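Chemist: Got a structure here, written out as structure tokens. Questions coming.
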Amino acid sequence: MRRTRTRLGRGLGAIVATATAAVAMAAPQAAAAPAESDAGRQAAGAEAGQACTVADLGKRHPLVRTTEVSPTITHFKGWYVTEGTTGSQTVTTSTQTTISVSVGLNGTVQGSFAVELLGTVGASLGLNVQVTYTSTSSVSNSVSWNFMQPGYYGLYKGTKKVTGTYGSLNCNRVQQGDGSYALKWVEGPDSGSFTTYATMEEGAVRCEDTVPANSIMAKAKTLLDCGAAATAGHAAGPVPSAKAEKAAKAAAARDTAGNDAEATASAKSAPAAASATRAALNCSADAYKIAVPGKPLSWGAPLLADDGVRLRPSTIFSAHLDHWRLCDVTENNGVLEATLWNWGNGGCAAIAQPNAADERAVLRTVACTEDDLQRFYIYRDVPGSAKIGVQNKHTGYMIGHDRYADGEFLRQYSSGRPDGTGTYDLLKV
């Protein structure tokens, strides 16, 4: 029987594998059991406890918390070969299960944070994983194989499915042992889960074959009905496998349950219908401008419901649209969480539910309901400085702007703005 072939995954996975050749030399984890990643407290360019700067207040990096690697068969077909049918054949397999790459809220992979996260996962495991959106359903389902001898075969395509959980590293002030403060990368409060997969492998396996434990080939072998009745007197060609059919149905049921759970979670996080009266917020007596440091433009709320929060100058005509109050404020490990209520239009800053997973979604104001799309984490500079970074609680994205200009929208960015334009001044008025 011919040696199993592999195909290199598409996307940036190859770049990650090349850049981490020393890591890739290690034997990859194959057991389908949760494991604390080697990257556990690390992210590319940042590590918990390291110093950060004011320009980093509006940025974040991924933090891999857990990983699980499990051999998974994506395509399968039982096939019987007789004396007269040996040699090369091309067999069309059936889809066994589908793996789609996803990070957090996205059914796809959007933004630099997701790419950096999956690259970190691949490097920590020594696997060439997919780091852009793709699915095993896009893989051809035909397997060409040179059958050297008669027998009952399972033709398969499979991969290592990689799942896990992540958090983020954010820049925030930390109190030192002597009572002073410094800016450091800390583990932020946001979290999520991811799914990706490694290089696709195809091959053929027989009941008589001895295969490595916890391998893709071993997983394929479990789908063969190896009893004598399954092959006795069977004609050359496809052999129905009750085990494969059962496993495929179980995978479909899991996918359906997962989709239902995501839909339920999405519905729960959606803002309530607009109301004439806002939620009963406990707001600070002080009002603030959220300004670009050293510049006259600051966050200005819109008058029109279909408009967004923009950079605006503060004038006598601003009508308090540039004034914000922090409401229902809590603090956890030095990170503030608050609702941002606008004095001028009575609305609360929010990311709209239909655009929640979108890179560069516009920040808006809506009727206050205090769901997580209207809650924000605030990362602060050391005492005496007014500089902050702002992160949406539900999406995990940082708030920033593309360019400094009157009328420029405030938007969310998965990793924040690389040029430091996600750092603002929280100025009492």
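Ordering of the structure tokens sets the chain letters (A, B, ...), residue numbers begin anew at 1 in every chain, and ligands are numbered from 1 in the order given.
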Could you pull out the residues in stretch 110-242 of chain A that DSSP calls helix (DSSP H, G or I) from the backbone, as a list in words?

Modeler: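 Those in stretch 110-242 of chain A that DSSP calls helix (DSSP H, G or I) are Gly111, Ser112, Phe113, Ala114, Val115, Glu116, Leu117, Leu118, Gly119, Thr120, Val121, Gly122, Ala123, Ser124, Leu125, Thr136, Ser137, Ser138, Ile216, Met217, Ala218, Lys219, Ala220, Lys221, Ala228, Ala229, Ala230 and Ala242 of chain A.
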
Chemist: Please list as a VMD selection string every residue within 12 Å of A:Lys77, counting only C-alpha atoms and excluding residues in the same chain fewer than 5 positions away.

Modeler: chain A and resid 90 to 96 141 to 143 152 to 157 202 to 206 220 to 221 223 to 225 237 to 245 248

Chemist: Any idea what's packed within 6 Å of stretch 46-63 of chain A, counting only C-alpha atoms, ignoring anything in its chain fewer than 3 positions away? Could you give it as a PDB file with C-alpha atoms, in the first residue's frame?

Modeler:
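The result, stored in out.pdb:
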ATOM      1  CA  GLN A  42       2.288  35.040  25.491  1.00  0.00           C
ATOM      2  CA  ALA A  43       1.345  36.777  22.272  1.00  0.00           C
ATOM      3  CA  LEU A 117      -4.218  34.463  17.149  1.00  0.00           C
ATOM      4  CA  TYR A 166      -8.319  32.724  23.925  1.00  0.00           C
ATOM      5  CA  GLY A 167      -8.167  36.012  25.753  1.00  0.00           C
ATOM      6  CA  SER A 168      -6.262  39.189  25.083  1.00  0.00           C
ATOM      7  CA  LEU A 169      -3.313  41.126  26.385  1.00  0.00           C
ATOM      8  CA  ASN A 170      -4.105  44.790  26.899  1.00  0.00           C
ATOM      9  CA  CYS A 171      -2.010  47.712  28.063  1.00  0.00           C
ATOM     10  CA  LEU A 183       2.079  50.651  32.104  1.00  0.00           C
ATOM     11  CA  LYS A 184       2.243  46.901  31.466  1.00  0.00           C
ATOM     12  CA  TRP A 185       0.610  44.264  29.305  1.00  0.00           C
ATOM     13  CA  VAL A 186      -2.055  42.551  31.396  1.00  0.00           C
ATOM     14  CA  GLY A 389      -7.875  53.061  25.486  1.00  0.00           C
ATOM     15  CA  SER A 415      -6.309  44.647  17.280  1.00  0.00           C
ATOM     16  CA  GLY A 416      -6.635  48.393  17.631  1.00  0.00           C
ATOM     17  CA  GLY A 420      -1.529  54.624  18.320  1.00  0.00           C
ATOM     18  CA  GLY A 422      -6.725  54.414  19.499  1.00  0.00           C
ATOM     19  CA  THR A 423      -5.354  56.344  22.500  1.00  0.00           C
TER      20      THR A 423
END

Chemist: Skip stretch 375-388 of chain A itself and residues of its chain fewer than 5 positions away, then list as an MDAnalysis selection string all residues within 6 Å of it, counting only C-alpha atoms.

Modeler: chainID A and resid 172:173 181 335:339 393 423:426
